[in-house]
>>> print(open('run_15.txt').read())   # compact mmCIF, C-alpha atoms
# COMPACT_ATOMS: atom_id res chain seq x y z
CA MET A 202 -116.15 -19.66 -31.63
CA ASN A 203 -114.55 -21.98 -29.09
CA LYS A 204 -111.26 -23.60 -29.95
CA SER A 205 -110.04 -26.80 -28.38
CA PRO A 206 -106.75 -26.74 -26.40
CA LEU A 207 -105.30 -29.09 -29.00
CA ARG A 208 -106.11 -26.71 -31.88
CA ILE A 209 -104.69 -23.74 -29.97
CA ALA A 210 -101.45 -25.64 -29.27
CA ALA A 211 -101.17 -26.65 -32.90
CA ALA A 212 -101.62 -23.02 -33.99
CA CYS A 213 -98.91 -21.87 -31.57
CA LEU A 214 -96.48 -24.49 -32.87
CA ALA A 215 -97.19 -23.48 -36.46
CA THR A 216 -96.51 -19.82 -35.60
CA ALA A 217 -93.28 -20.69 -33.80
CA ALA A 218 -92.15 -22.81 -36.75
CA ALA A 219 -92.86 -19.93 -39.13
CA PHE A 220 -90.69 -17.56 -37.06
CA ALA A 221 -87.93 -20.19 -36.81
CA THR A 222 -87.57 -20.49 -40.56
CA ALA A 223 -88.47 -16.98 -41.68
CA PRO A 224 -85.61 -15.03 -43.27
CA ALA A 225 -84.30 -12.25 -41.06
CA HIS A 226 -84.49 -8.61 -42.10
CA ALA A 227 -81.08 -7.90 -43.61
CA GLY A 228 -80.39 -4.60 -41.84
CA LYS A 229 -79.08 -1.37 -43.36
CA THR A 230 -75.39 -2.20 -42.90
CA LEU A 231 -75.69 -5.51 -44.72
CA ASP A 232 -77.79 -3.85 -47.41
CA GLY A 233 -75.04 -1.27 -47.91
CA ILE A 234 -72.33 -3.93 -48.04
CA LYS A 235 -74.24 -5.94 -50.64
CA SER A 236 -74.85 -2.81 -52.67
CA ARG A 237 -71.19 -1.79 -52.80
CA GLY A 238 -69.91 -5.39 -52.89
CA GLN A 239 -67.38 -4.79 -50.16
CA VAL A 240 -67.01 -4.85 -46.38
CA VAL A 241 -65.22 -1.76 -45.07
CA CYS A 242 -63.10 -2.83 -42.12
CA GLY A 243 -61.25 -0.52 -39.73
CA VAL A 244 -57.88 -1.98 -38.73
CA ASN A 245 -54.69 -0.97 -36.94
CA THR A 246 -52.26 1.19 -38.88
CA GLY A 247 -49.69 -1.57 -38.47
CA LEU A 248 -49.47 -4.23 -35.76
CA ALA A 249 -47.73 -7.36 -37.00
CA GLY A 250 -49.72 -10.50 -36.25
CA PHE A 251 -53.01 -8.60 -35.98
CA SER A 252 -53.27 -6.15 -38.89
CA ALA A 253 -50.37 -4.97 -41.02
CA ALA A 254 -49.82 -4.39 -44.73
CA ASP A 255 -46.79 -5.72 -46.61
CA SER A 256 -44.78 -3.84 -49.23
CA ASN A 257 -47.42 -4.72 -51.83
CA GLY A 258 -50.24 -3.34 -49.70
CA LYS A 259 -51.59 -6.80 -48.84
CA TRP A 260 -53.06 -6.91 -45.32
CA SER A 261 -52.67 -9.87 -42.99
CA GLY A 262 -53.13 -10.72 -39.32
CA LEU A 263 -55.65 -12.13 -36.87
CA ASP A 264 -57.88 -9.03 -36.97
CA VAL A 265 -57.64 -8.95 -40.77
CA ASP A 266 -58.71 -12.60 -40.96
CA ILE A 267 -61.84 -11.75 -38.97
CA CYS A 268 -62.66 -9.13 -41.65
CA ARG A 269 -62.06 -11.73 -44.38
CA ALA A 270 -64.24 -14.31 -42.64
CA VAL A 271 -67.09 -11.79 -42.33
CA ALA A 272 -66.76 -10.83 -46.00
CA ALA A 273 -66.79 -14.48 -47.03
CA ALA A 274 -69.90 -15.14 -44.92
CA VAL A 275 -71.89 -12.19 -46.30
CA LEU A 276 -70.50 -11.82 -49.85
CA GLY A 277 -69.01 -15.24 -50.57
CA ASP A 278 -65.53 -13.78 -51.13
CA GLY A 279 -63.00 -13.06 -48.40
CA GLU A 280 -61.10 -10.70 -50.67
CA LYS A 281 -63.99 -8.25 -50.89
CA VAL A 282 -62.72 -6.11 -48.03
CA LYS A 283 -61.55 -2.51 -48.00
CA TYR A 284 -59.11 -1.97 -45.14
CA VAL A 285 -59.08 1.45 -43.47
CA PRO A 286 -56.04 1.92 -41.19
CA LEU A 287 -57.04 3.80 -38.03
CA ASN A 288 -55.05 4.98 -35.04
CA ALA A 289 -56.40 4.84 -31.48
CA GLN A 290 -57.91 8.32 -31.67
CA GLN A 291 -59.59 7.79 -35.05
CA ARG A 292 -61.07 4.32 -34.58
CA PHE A 293 -64.33 4.99 -32.72
CA THR A 294 -65.25 8.10 -34.71
CA ALA A 295 -64.72 6.19 -37.94
CA LEU A 296 -67.14 3.49 -36.82
CA GLN A 297 -69.67 5.92 -35.35
CA SER A 298 -69.74 8.02 -38.53
CA GLY A 299 -70.21 5.04 -40.83
CA GLU A 300 -66.79 5.33 -42.44
CA VAL A 301 -66.27 1.65 -41.62
CA ASP A 302 -68.75 -1.22 -41.19
CA VAL A 303 -66.79 -3.01 -38.50
CA LEU A 304 -63.80 -2.14 -36.32
CA SER A 305 -61.42 -5.12 -36.08
CA ARG A 306 -58.49 -3.43 -34.46
CA ASN A 307 -57.11 -4.88 -31.19
CA THR A 308 -59.68 -2.91 -29.18
CA THR A 309 -60.44 -3.75 -25.56
CA PHE A 310 -64.03 -4.36 -24.47
CA SER A 311 -64.95 -2.32 -21.37
CA LEU A 312 -68.03 -0.98 -19.61
CA THR A 313 -67.31 2.64 -20.54
CA ARG A 314 -66.95 1.84 -24.22
CA ASP A 315 -70.00 -0.41 -24.21
CA ALA A 316 -72.20 2.17 -22.48
CA SER A 317 -71.01 5.48 -23.91
CA LEU A 318 -69.80 5.17 -27.48
CA GLY A 319 -72.95 4.06 -29.27
CA LEU A 320 -71.17 0.87 -30.28
CA HIS A 321 -71.64 -2.85 -29.69
CA GLN A 322 -68.81 -5.08 -28.55
CA THR A 323 -69.36 -8.36 -30.42
CA ALA A 324 -67.26 -11.40 -29.43
CA VAL A 325 -63.75 -11.77 -28.03
CA THR A 326 -61.15 -12.83 -30.60
CA TYR A 327 -58.09 -12.52 -28.35
CA TYR A 328 -57.74 -12.55 -24.55
CA ASP A 329 -54.82 -10.27 -23.76
CA GLY A 330 -53.32 -8.40 -20.82
CA GLN A 331 -51.18 -5.29 -20.46
CA GLY A 332 -47.47 -5.75 -19.87
CA PHE A 333 -44.14 -3.94 -19.94
CA MET A 334 -41.05 -4.24 -22.13
CA VAL A 335 -37.64 -3.07 -20.92
CA PRO A 336 -34.09 -3.22 -22.27
CA ALA A 337 -32.42 -6.48 -21.18
CA LYS A 338 -29.40 -4.49 -20.05
CA SER A 339 -31.54 -2.60 -17.52
CA ASN A 340 -31.64 -5.77 -15.36
CA ILE A 341 -35.25 -4.96 -14.44
CA LYS A 342 -36.96 -8.29 -13.76
CA SER A 343 -40.34 -7.12 -12.43
CA ALA A 344 -42.79 -4.29 -13.04
CA LYS A 345 -42.50 -3.51 -9.32
CA GLN A 346 -38.96 -2.28 -10.05
CA LEU A 347 -40.31 0.58 -12.22
CA LYS A 348 -40.70 2.89 -9.19
CA GLY A 349 -40.11 6.48 -10.29
CA GLN A 350 -39.22 5.40 -13.83
CA THR A 351 -40.40 6.77 -17.18
CA VAL A 352 -42.76 4.60 -19.24
CA CYS A 353 -43.71 5.34 -22.87
CA VAL A 354 -47.43 4.87 -23.57
CA GLN A 355 -49.96 5.78 -26.24
CA SER A 356 -52.69 8.25 -25.25
CA GLY A 357 -56.42 7.62 -25.64
CA THR A 358 -56.13 3.94 -24.77
CA THR A 359 -57.08 1.71 -21.87
CA THR A 360 -53.32 1.15 -21.62
CA GLU A 361 -52.74 4.71 -20.42
CA LYS A 362 -55.46 4.42 -17.75
CA ASN A 363 -54.24 1.00 -16.60
CA LEU A 364 -50.72 2.37 -16.18
CA THR A 365 -51.99 5.17 -13.95
CA ASP A 366 -54.07 2.74 -11.89
CA TYR A 367 -51.19 0.26 -11.50
CA SER A 368 -48.74 2.97 -10.47
CA LYS A 369 -51.15 4.39 -7.90
CA ALA A 370 -52.18 0.99 -6.49
CA ASN A 371 -48.55 -0.06 -6.02
CA ASN A 372 -47.19 3.36 -4.98
CA LEU A 373 -44.70 3.33 -7.84
CA ALA A 374 -44.88 7.00 -8.95
CA ILE A 375 -44.32 5.91 -12.55
CA LYS A 376 -43.81 8.85 -14.92
CA PRO A 377 -45.87 8.27 -18.09
CA VAL A 378 -44.43 9.75 -21.30
CA VAL A 379 -47.50 10.01 -23.52
CA PHE A 380 -47.69 10.00 -27.33
CA GLU A 381 -50.70 10.28 -29.60
CA LYS A 382 -49.43 7.72 -32.10
CA VAL A 383 -48.09 4.28 -31.29
CA GLU A 384 -45.19 4.78 -33.71
CA ALA A 385 -44.06 7.79 -31.70
CA ALA A 386 -44.35 5.89 -28.41
CA THR A 387 -42.34 2.90 -29.60
CA GLY A 388 -39.83 5.15 -31.35
CA ALA A 389 -39.23 7.04 -28.11
CA TYR A 390 -38.74 3.78 -26.22
CA PHE A 391 -36.19 2.40 -28.68
CA ALA A 392 -34.44 5.80 -28.67
CA GLY A 393 -33.99 5.48 -24.92
CA ARG A 394 -36.38 8.25 -23.83
CA CYS A 395 -38.20 5.84 -21.49
CA ILE A 396 -36.96 2.94 -19.42
CA ALA A 397 -40.05 0.90 -20.39
CA TYR A 398 -42.80 0.68 -22.97
CA THR A 399 -46.28 -0.58 -22.08
CA THR A 400 -49.18 -1.93 -24.13
CA ASP A 401 -50.98 -5.26 -24.51
CA ALA A 402 -48.57 -8.20 -24.19
CA SER A 403 -49.33 -9.30 -27.75
CA GLY A 404 -48.50 -5.78 -28.94
CA LEU A 405 -45.20 -5.85 -27.06
CA ALA A 406 -44.25 -9.10 -28.83
CA SER A 407 -45.27 -7.60 -32.16
CA VAL A 408 -43.32 -4.38 -31.66
CA ARG A 409 -40.24 -6.23 -30.39
CA ASN A 410 -40.26 -8.58 -33.37
CA LYS A 411 -40.84 -5.85 -35.95
CA GLU A 412 -38.98 -2.79 -34.70
CA ALA A 413 -36.13 -3.86 -32.43
CA LYS A 414 -32.71 -4.05 -34.10
CA ASP A 415 -32.08 -7.13 -31.98
CA PRO A 416 -35.22 -8.54 -30.27
CA THR A 417 -33.08 -10.39 -27.73
CA GLU A 418 -32.01 -7.01 -26.31
CA HIS A 419 -35.53 -6.43 -24.97
CA VAL A 420 -37.40 -8.33 -22.27
CA ILE A 421 -41.16 -8.53 -21.66
CA LEU A 422 -41.70 -8.54 -17.91
CA PRO A 423 -43.77 -11.40 -16.42
CA GLU A 424 -46.57 -9.32 -14.86
CA LEU A 425 -49.84 -8.65 -16.66
CA ILE A 426 -51.52 -5.67 -14.99
CA SER A 427 -54.95 -5.81 -16.62
CA LYS A 428 -57.51 -7.88 -18.49
CA GLU A 429 -57.69 -6.92 -22.17
CA PRO A 430 -60.39 -8.83 -24.03
CA LEU A 431 -60.04 -7.76 -27.67
CA GLY A 432 -62.58 -8.11 -30.45
CA PRO A 433 -64.50 -6.45 -33.28
CA MET A 434 -67.03 -3.68 -32.66
CA VAL A 435 -70.02 -2.45 -34.67
CA ARG A 436 -72.41 0.51 -34.45
CA ARG A 437 -75.52 0.34 -32.29
CA GLY A 438 -78.85 0.57 -34.10
CA ASP A 439 -78.32 -2.33 -36.50
CA ASP A 440 -78.90 -5.48 -34.50
CA GLU A 441 -78.88 -7.64 -37.63
CA TRP A 442 -75.29 -6.65 -38.47
CA PHE A 443 -74.28 -7.02 -34.83
CA ALA A 444 -75.59 -10.60 -34.91
CA ILE A 445 -73.77 -11.42 -38.16
CA VAL A 446 -70.33 -10.29 -36.95
CA LYS A 447 -70.82 -11.94 -33.56
CA TRP A 448 -71.92 -15.27 -35.03
CA VAL A 449 -69.15 -15.40 -37.60
CA VAL A 450 -66.65 -15.20 -34.72
CA TYR A 451 -68.56 -17.81 -32.72
CA GLY A 452 -68.71 -20.02 -35.81
CA LEU A 453 -64.93 -19.88 -36.27
CA ILE A 454 -64.42 -20.85 -32.64
CA GLU A 455 -66.99 -23.66 -32.75
CA ALA A 456 -65.53 -24.96 -36.01
CA GLU A 457 -62.23 -25.53 -34.23
CA GLU A 458 -64.00 -27.23 -31.34
CA TYR A 459 -65.60 -29.71 -33.76
CA GLY A 460 -62.49 -30.25 -35.91
CA ILE A 461 -63.67 -28.47 -39.06
CA THR A 462 -60.64 -27.06 -40.88
CA GLN A 463 -59.95 -25.22 -44.09
CA ALA A 464 -58.50 -28.45 -45.51
CA ASN A 465 -61.16 -30.96 -44.46
CA LEU A 466 -64.25 -28.77 -44.87
CA ASP A 467 -65.52 -30.47 -48.01
CA GLN A 468 -65.06 -33.89 -46.43
CA MET A 469 -66.81 -32.73 -43.24
CA LYS A 470 -69.92 -31.83 -45.24
CA THR A 471 -70.73 -35.56 -45.23
CA SER A 472 -70.39 -35.77 -41.44
CA THR A 473 -73.32 -37.25 -39.53
CA ASP A 474 -72.56 -35.09 -36.46
CA PRO A 475 -75.62 -32.81 -36.04
CA VAL A 476 -73.46 -29.92 -34.79
CA VAL A 477 -71.11 -30.14 -37.79
CA GLN A 478 -74.12 -30.34 -40.08
CA ARG A 479 -75.60 -27.17 -38.57
CA ILE A 480 -72.30 -25.25 -38.76
CA LEU A 481 -71.87 -26.15 -42.43
CA GLY A 482 -75.55 -25.69 -43.32
CA THR A 483 -76.04 -29.20 -44.65
CA THR A 484 -79.20 -29.66 -42.57
CA GLU A 485 -80.65 -26.59 -40.83
CA ASP A 486 -80.51 -23.28 -42.67
CA THR A 487 -79.14 -20.97 -39.96
CA GLY A 488 -78.02 -18.52 -42.63
CA LYS A 489 -81.64 -17.60 -43.33
CA LEU A 490 -82.01 -16.40 -39.74
CA LEU A 491 -79.12 -13.96 -40.31
CA GLY A 492 -80.17 -12.85 -43.77
CA LEU A 493 -77.33 -14.84 -45.33
CA GLU A 494 -76.90 -17.81 -47.60
CA ARG A 495 -77.22 -21.33 -46.20
CA ASP A 496 -73.46 -22.00 -46.41
CA TRP A 497 -72.41 -18.71 -44.75
CA MET A 498 -70.19 -20.37 -42.18
CA ALA A 499 -68.70 -22.89 -44.62
CA ARG A 500 -67.64 -19.93 -46.77
CA ALA A 501 -65.92 -18.28 -43.83
CA ILE A 502 -64.06 -21.44 -42.77
CA LYS A 503 -63.00 -22.14 -46.36
CA THR A 504 -61.51 -18.65 -46.55
CA THR A 505 -59.63 -18.37 -43.26
CA GLY A 506 -59.76 -21.74 -41.54
CA ASN A 507 -61.18 -22.09 -38.04
CA TYR A 508 -60.18 -19.90 -35.08
CA GLY A 509 -57.27 -22.17 -34.13
CA GLU A 510 -55.87 -22.00 -37.66
CA ILE A 511 -56.19 -18.21 -37.65
CA PHE A 512 -54.38 -18.02 -34.31
CA GLU A 513 -51.54 -20.35 -35.32
CA ARG A 514 -50.97 -18.67 -38.67
CA ASN A 515 -50.76 -15.12 -37.31
CA VAL A 516 -49.58 -15.13 -33.72
CA GLY A 517 -49.10 -18.75 -32.61
CA PRO A 518 -45.93 -20.57 -31.52
CA LYS A 519 -44.84 -21.21 -35.13
CA SER A 520 -45.40 -17.60 -36.25
CA ALA A 521 -42.95 -14.71 -35.97
CA LEU A 522 -44.63 -13.54 -32.74
CA ALA A 523 -44.47 -17.04 -31.22
CA LEU A 524 -47.21 -16.35 -28.66
CA PRO A 525 -48.48 -19.30 -26.58
CA ARG A 526 -52.11 -20.30 -27.00
CA GLY A 527 -52.74 -19.80 -23.25
CA LEU A 528 -56.11 -18.23 -22.47
CA ASN A 529 -56.96 -18.27 -26.17
CA ASN A 530 -57.21 -22.03 -26.24
CA GLN A 531 -60.57 -23.78 -26.37
CA TRP A 532 -62.65 -23.98 -23.17
CA ASN A 533 -62.15 -27.77 -23.04
CA LYS A 534 -58.38 -27.31 -23.26
CA GLU A 535 -58.03 -24.96 -20.27
CA GLY A 536 -58.63 -21.82 -22.31
CA LEU A 537 -61.41 -19.22 -22.46
CA MET A 538 -62.59 -19.68 -26.06
CA TYR A 539 -66.20 -20.76 -25.54
CA ALA A 540 -68.51 -20.12 -28.48
CA PHE A 541 -72.26 -19.94 -28.12
CA PRO A 542 -73.70 -22.89 -30.06
CA ILE A 543 -74.89 -22.51 -33.63
CA ARG A 544 -78.33 -24.06 -33.42
>>> encode(input="run_15.txt", output="structure tokens")
Amino acid sequence: MNKSPLRIAAACLATAAAFATAPAHAGKTLDGIKSRGQVVCGVNTGLAGFSAADSNGKWSGLDVDICRAVAAAVLGDGEKVKYVPLNAQQRFTALQSGEVDVLSRNTTFSLTRDASLGLHQTAVTYYDGQGFMVPAKSNIKSAKQLKGQTVCVQSGTTTEKNLTDYSKANNLAIKPVVFEKVEAATGAYFAGRCIAYTTDASGLASVRNKEAKDPTEHVILPELISKEPLGPMVRRGDDEWFAIVKWVVYGLIEAEEYGITQANLDQMKTSTDPVVQRILGTTEDTGKLLGLERDWMARAIKTTGNYGEIFERNVGPKSALALPRGLNNQWNKEGLMYAFPIR
């Protein structure tokens, strides 16, 4: 039977429309989370500003807020998270083995990790760079003055490899003093076993604020010797879960771009801006495409606020770490935060 071009085109459009609105397959990770009623999130053992527990066992920080936003999006409750503290050596095995659903633990995205660990890097939540901290009394003003000096560093990290590369490239003959646990590395630095301590610049600010008897006695040198894009990771083999975590992060970033905050969210639901409507699910049902409820992103924003609110609360200029927004500002404010559009 011959079909007219018009009828064929109409059939194609109908098929495309069906795919556009069909609910996505949930994926085994999401199924498991719904079954147990909890997202299991791997976090740092204690890095103030990113993931640290207080004396009552309550976790907070930028990485923790990502876990809470994901839980709110998939379960409707940001408190339904089990936090599993992991050191640098434990983190990837815990994710690979299924001990945790997502790793939100100041972990750098790199080619080697992307290609060899069986894990997906999702979306960047913090653009960082590796730096050095030295005692103010050392009068060291530049990393180039570390020639022949001892530097405390944690093993099994990109930090250790970057230190070796930087020393070799600049003919500094730096002597790394390596520790398996970050607590041991920082303890050795503050005990005077090394002239410097190196890790991501945000980590240096966190350690100085939390562990130094007098933070003013320690200086973070101006050089950043590497690019350290940090963000959550998930296992390969579950593309649906990969998409959910990635789009929650993008949604938080885009919410800031369009001025949707924790405080004005309910008011913004009446906005006539098509982008705001899509983010909040008042028109198109993007949640169905992810196997989630229609208001998945509204739930996340209501729980944690948008990306800018998360940044300011945990690490921003008014927080204890007092880190500048810098590269982590929005793309239209001279930063690198550029979310793929929710549409």
>>> residues_around(input="run_15.txt", residues="region 499-501 of chain A", least_positions_apart="4", cutoff="8 Å", atoms="all atoms listed in the file", output="list in words")
Arg269, Ala270, Val271, Ala272, Ala273, Ala274, Gly277, Asp278, Gly279, Val449, Leu453, Leu466, Ile480, Leu481, Gly482, Thr505 and Gly506 of chain A
>>> closest_atom_pairs(input="run_15.txt", of="region 284-395 of chain A", to="region 441-445 of chain A", cutoff="9 Å", atoms="all atoms listed in the file", output="JSON lines")
{"residue": "A:Asp302", "atom": "CA", "partner": "A:Trp442", "partner_atom": "CA", "distance": 8.9}
{"residue": "A:His321", "atom": "CA", "partner": "A:Phe443", "partner_atom": "CA", "distance": 7.1}
{"residue": "A:Gln322", "atom": "CA", "partner": "A:Phe443", "partner_atom": "CA", "distance": 8.6}
{"residue": "A:Thr323", "atom": "CA", "partner": "A:Phe443", "partner_atom": "CA", "distance": 6.7}
>>> write_last_selection(input="run_15.txt", atoms="C-alpha atoms", output="mmCIF file, in the frame of the given file")
data_model
loop_
_atom_site.group_PDB
_atom_site.id
_atom_site.type_symbol
_atom_site.label_atom_id
_atom_site.label_comp_id
_atom_site.auth_asym_id
_atom_site.auth_seq_id
_atom_site.Cartn_x
_atom_site.Cartn_y
_atom_site.Cartn_z
ATOM 1 C CA ASP A 302 -68.750 -1.220 -41.190
ATOM 2 C CA HIS A 321 -71.640 -2.850 -29.690
ATOM 3 C CA GLN A 322 -68.810 -5.080 -28.550
ATOM 4 C CA THR A 323 -69.360 -8.360 -30.420
#
>>> closest_atom_pairs(input="run_15.txt", of="region 288-386 of chain A", to="region 413-431 of chain A", cutoff="12 Å", atoms="all atoms listed in the file", output="Markdown table")
| residue | atom | partner | partner_atom | distance |
| --- | --- | --- | --- | --- |
| A:Leu304 | CA | A:Leu431 | CA | 11.0 |
| A:Ser305 | CA | A:Leu431 | CA | 8.9 |
| A:Arg306 | CA | A:Leu431 | CA | 8.2 |
| A:Asn307 | CA | A:Leu431 | CA | 5.4 |
| A:Thr308 | CA | A:Leu431 | CA | 5.1 |
| A:Thr309 | CA | A:Leu431 | CA | 4.5 |
| A:Phe310 | CA | A:Pro430 | CA | 5.8 |
| A:Ser311 | CA | A:Pro430 | CA | 8.4 |
| A:Leu312 | CA | A:Pro430 | CA | 11.8 |
| A:Gln322 | CA | A:Leu431 | CA | 9.2 |
| A:Thr323 | CA | A:Leu431 | CA | 9.7 |
| A:Ala324 | CA | A:Leu431 | CA | 8.3 |
| A:Val325 | CA | A:Leu431 | CA | 5.5 |
| A:Thr326 | CA | A:Leu431 | CA | 6.0 |
| A:Tyr327 | CA | A:Leu431 | CA | 5.2 |
| A:Tyr328 | CA | A:Pro430 | CA | 4.6 |
| A:Asp329 | CA | A:Glu429 | CA | 4.7 |
| A:Gly330 | CA | A:Glu429 | CA | 4.8 |
| A:Gln331 | CA | A:Leu425 | CA | 5.2 |
| A:Gly332 | CA | A:Leu425 | CA | 4.9 |
| A:Phe333 | CA | A:Leu422 | CA | 5.6 |
| A:Met334 | CA | A:Ile421 | CA | 4.3 |
| A:Val335 | CA | A:Val420 | CA | 5.4 |
| A:Pro336 | CA | A:His419 | CA | 4.4 |
| A:Ala337 | CA | A:His419 | CA | 4.9 |
| A:Lys338 | CA | A:Glu418 | CA | 7.2 |
| A:Ser339 | CA | A:His419 | CA | 9.3 |
| A:Asn340 | CA | A:Val420 | CA | 9.4 |
| A:Ile341 | CA | A:Leu422 | CA | 8.2 |
| A:Lys342 | CA | A:Leu422 | CA | 6.3 |
| A:Ser343 | CA | A:Leu422 | CA | 5.8 |
| A:Ala344 | CA | A:Glu424 | CA | 6.5 |
| A:Lys345 | CA | A:Glu424 | CA | 9.0 |
| A:Gln346 | CA | A:Leu422 | CA | 10.4 |
| A:Leu347 | CA | A:Leu422 | CA | 10.8 |
| A:Thr358 | CA | A:Glu429 | CA | 11.3 |
| A:Thr359 | CA | A:Glu429 | CA | 8.7 |
| A:Thr360 | CA | A:Ser427 | CA | 8.7 |
| A:Glu361 | CA | A:Ser427 | CA | 11.4 |
| A:Lys362 | CA | A:Ser427 | CA | 10.3 |
| A:Asn363 | CA | A:Ser427 | CA | 6.8 |
| A:Leu364 | CA | A:Ile426 | CA | 8.2 |
| A:Thr365 | CA | A:Ile426 | CA | 10.9 |
| A:Asp366 | CA | A:Ile426 | CA | 9.3 |
| A:Tyr367 | CA | A:Ile426 | CA | 6.9 |
| A:Ser368 | CA | A:Ile426 | CA | 10.1 |
| A:Ala370 | CA | A:Ile426 | CA | 10.8 |
| A:Asn371 | CA | A:Ile426 | CA | 11.0 |
>>> write_last_selection(input="run_15.txt", atoms="C-alpha atoms", output="mmCIF file, in the coordinates of the input")
data_model
loop_
_atom_site.group_PDB
_atom_site.id
_atom_site.type_symbol
_atom_site.label_atom_id
_atom_site.label_comp_id
_atom_site.auth_asym_id
_atom_site.auth_seq_id
_atom_site.Cartn_x
_atom_site.Cartn_y
_atom_site.Cartn_z
ATOM 1 C CA LEU A 304 -63.800 -2.140 -36.320
ATOM 2 C CA SER A 305 -61.420 -5.120 -36.080
ATOM 3 C CA ARG A 306 -58.490 -3.430 -34.460
ATOM 4 C CA ASN A 307 -57.110 -4.880 -31.190
ATOM 5 C CA THR A 308 -59.680 -2.910 -29.180
ATOM 6 C CA THR A 309 -60.440 -3.750 -25.560
ATOM 7 C CA PHE A 310 -64.030 -4.360 -24.470
ATOM 8 C CA SER A 311 -64.950 -2.320 -21.370
ATOM 9 C CA LEU A 312 -68.030 -0.980 -19.610
ATOM 10 C CA GLN A 322 -68.810 -5.080 -28.550
ATOM 11 C CA THR A 323 -69.360 -8.360 -30.420
ATOM 12 C CA ALA A 324 -67.260 -11.400 -29.430
ATOM 13 C CA VAL A 325 -63.750 -11.770 -28.030
ATOM 14 C CA THR A 326 -61.150 -12.830 -30.600
ATOM 15 C CA TYR A 327 -58.090 -12.520 -28.350
ATOM 16 C CA TYR A 328 -57.740 -12.550 -24.550
ATOM 17 C CA ASP A 329 -54.820 -10.270 -23.760
ATOM 18 C CA GLY A 330 -53.320 -8.400 -20.820
ATOM 19 C CA GLN A 331 -51.180 -5.290 -20.460
ATOM 20 C CA GLY A 332 -47.470 -5.750 -19.870
ATOM 21 C CA PHE A 333 -44.140 -3.940 -19.940
ATOM 22 C CA MET A 334 -41.050 -4.240 -22.130
ATOM 23 C CA VAL A 335 -37.640 -3.070 -20.920
ATOM 24 C CA PRO A 336 -34.090 -3.220 -22.270
ATOM 25 C CA ALA A 337 -32.420 -6.480 -21.180
ATOM 26 C CA LYS A 338 -29.400 -4.490 -20.050
ATOM 27 C CA SER A 339 -31.540 -2.600 -17.520
ATOM 28 C CA ASN A 340 -31.640 -5.770 -15.360
ATOM 29 C CA ILE A 341 -35.250 -4.960 -14.440
ATOM 30 C CA LYS A 342 -36.960 -8.290 -13.760
ATOM 31 C CA SER A 343 -40.340 -7.120 -12.430
ATOM 32 C CA ALA A 344 -42.790 -4.290 -13.040
ATOM 33 C CA LYS A 345 -42.500 -3.510 -9.320
ATOM 34 C CA GLN A 346 -38.960 -2.280 -10.050
ATOM 35 C CA LEU A 347 -40.310 0.580 -12.220
ATOM 36 C CA THR A 358 -56.130 3.940 -24.770
ATOM 37 C CA THR A 359 -57.080 1.710 -21.870
ATOM 38 C CA THR A 360 -53.320 1.150 -21.620
ATOM 39 C CA GLU A 361 -52.740 4.710 -20.420
ATOM 40 C CA LYS A 362 -55.460 4.420 -17.750
ATOM 41 C CA ASN A 363 -54.240 1.000 -16.600
ATOM 42 C CA LEU A 364 -50.720 2.370 -16.180
ATOM 43 C CA THR A 365 -51.990 5.170 -13.950
ATOM 44 C CA ASP A 366 -54.070 2.740 -11.890
ATOM 45 C CA TYR A 367 -51.190 0.260 -11.500
ATOM 46 C CA SER A 368 -48.740 2.970 -10.470
ATOM 47 C CA ALA A 370 -52.180 0.990 -6.490
ATOM 48 C CA ASN A 371 -48.550 -0.060 -6.020
#
>>> closest_residue(input="run_15.txt", among="A:Lys382, A:Arg394, A:Arg314, A:Lys229", to="Met434 (chain A)", atoms="all atoms listed in the file")
A:Arg314
>>> atom_distance(input="run_15.txt", atom1="CA of Asn465 (chain A)", atom2="CA of Glu510 (chain A)")
12.4 Å
>>> closest_residue(input="run_15.txt", among="A:Val265, A:Glu457, A:Gly492, A:Ile375", to="Trp532 (chain A)", atoms="only C-alpha atoms")
A:Glu457
>>> atom_distance(input="run_15.txt", atom1="CA of Gly299 (chain A)", atom2="CA of Glu384 (chain A)")
26.0 Å
>>> residues_around(input="run_15.txt", residues="Ile543 (chain A)", least_positions_apart="4", cutoff="8 Å", atoms="only C-alpha atoms", output="number ranges by chain")
A: 448, 451-452, 476, 479-480, 487
>>> atom_distance(input="run_15.txt", atom1="CA of Gly438 (chain A)", atom2="CA of Ile267 (chain A)")
21.6 Å
>>> residues_around(input="run_15.txt", residues="Glu513 (chain A)", least_positions_apart="5", cutoff="9 Å", atoms="all atoms listed in the file", output="PDB file with C-alpha atoms, keeping the file's coordinate frame")
ATOM      1  CA  TYR A 508     -60.180 -19.900 -35.080  1.00  0.00           C
ATOM      2  CA  PRO A 518     -45.930 -20.570 -31.520  1.00  0.00           C
ATOM      3  CA  LYS A 519     -44.840 -21.210 -35.130  1.00  0.00           C
ATOM      4  CA  SER A 520     -45.400 -17.600 -36.250  1.00  0.00           C
ATOM      5  CA  ALA A 523     -44.470 -17.040 -31.220  1.00  0.00           C
ATOM      6  CA  LEU A 524     -47.210 -16.350 -28.660  1.00  0.00           C
ATOM      7  CA  ARG A 526     -52.110 -20.300 -27.000  1.00  0.00           C
TER       8      ARG A 526
END
>>> residues_around(input="run_15.txt", residues="Asn288 (chain A)", least_positions_apart="3", cutoff="9 Å", atoms="only C-alpha atoms", output="list in words")
Val244, Asn245, Thr246, Gln291, Arg292, Glu381, Lys382 and Val383 of chain A
>>> closest_residue(input="run_15.txt", among="A:Cys242, A:Leu318, A:Val477, A:Val303", to="Val285 (chain A)", atoms="all atoms listed in the file")
A:Cys242
>>> closest_residue(input="run_15.txt", among="A:Leu373, A:Val446, A:Leu405, A:Leu287", to="Ala253 (chain A)", atoms="all atoms listed in the file")
A:Leu287
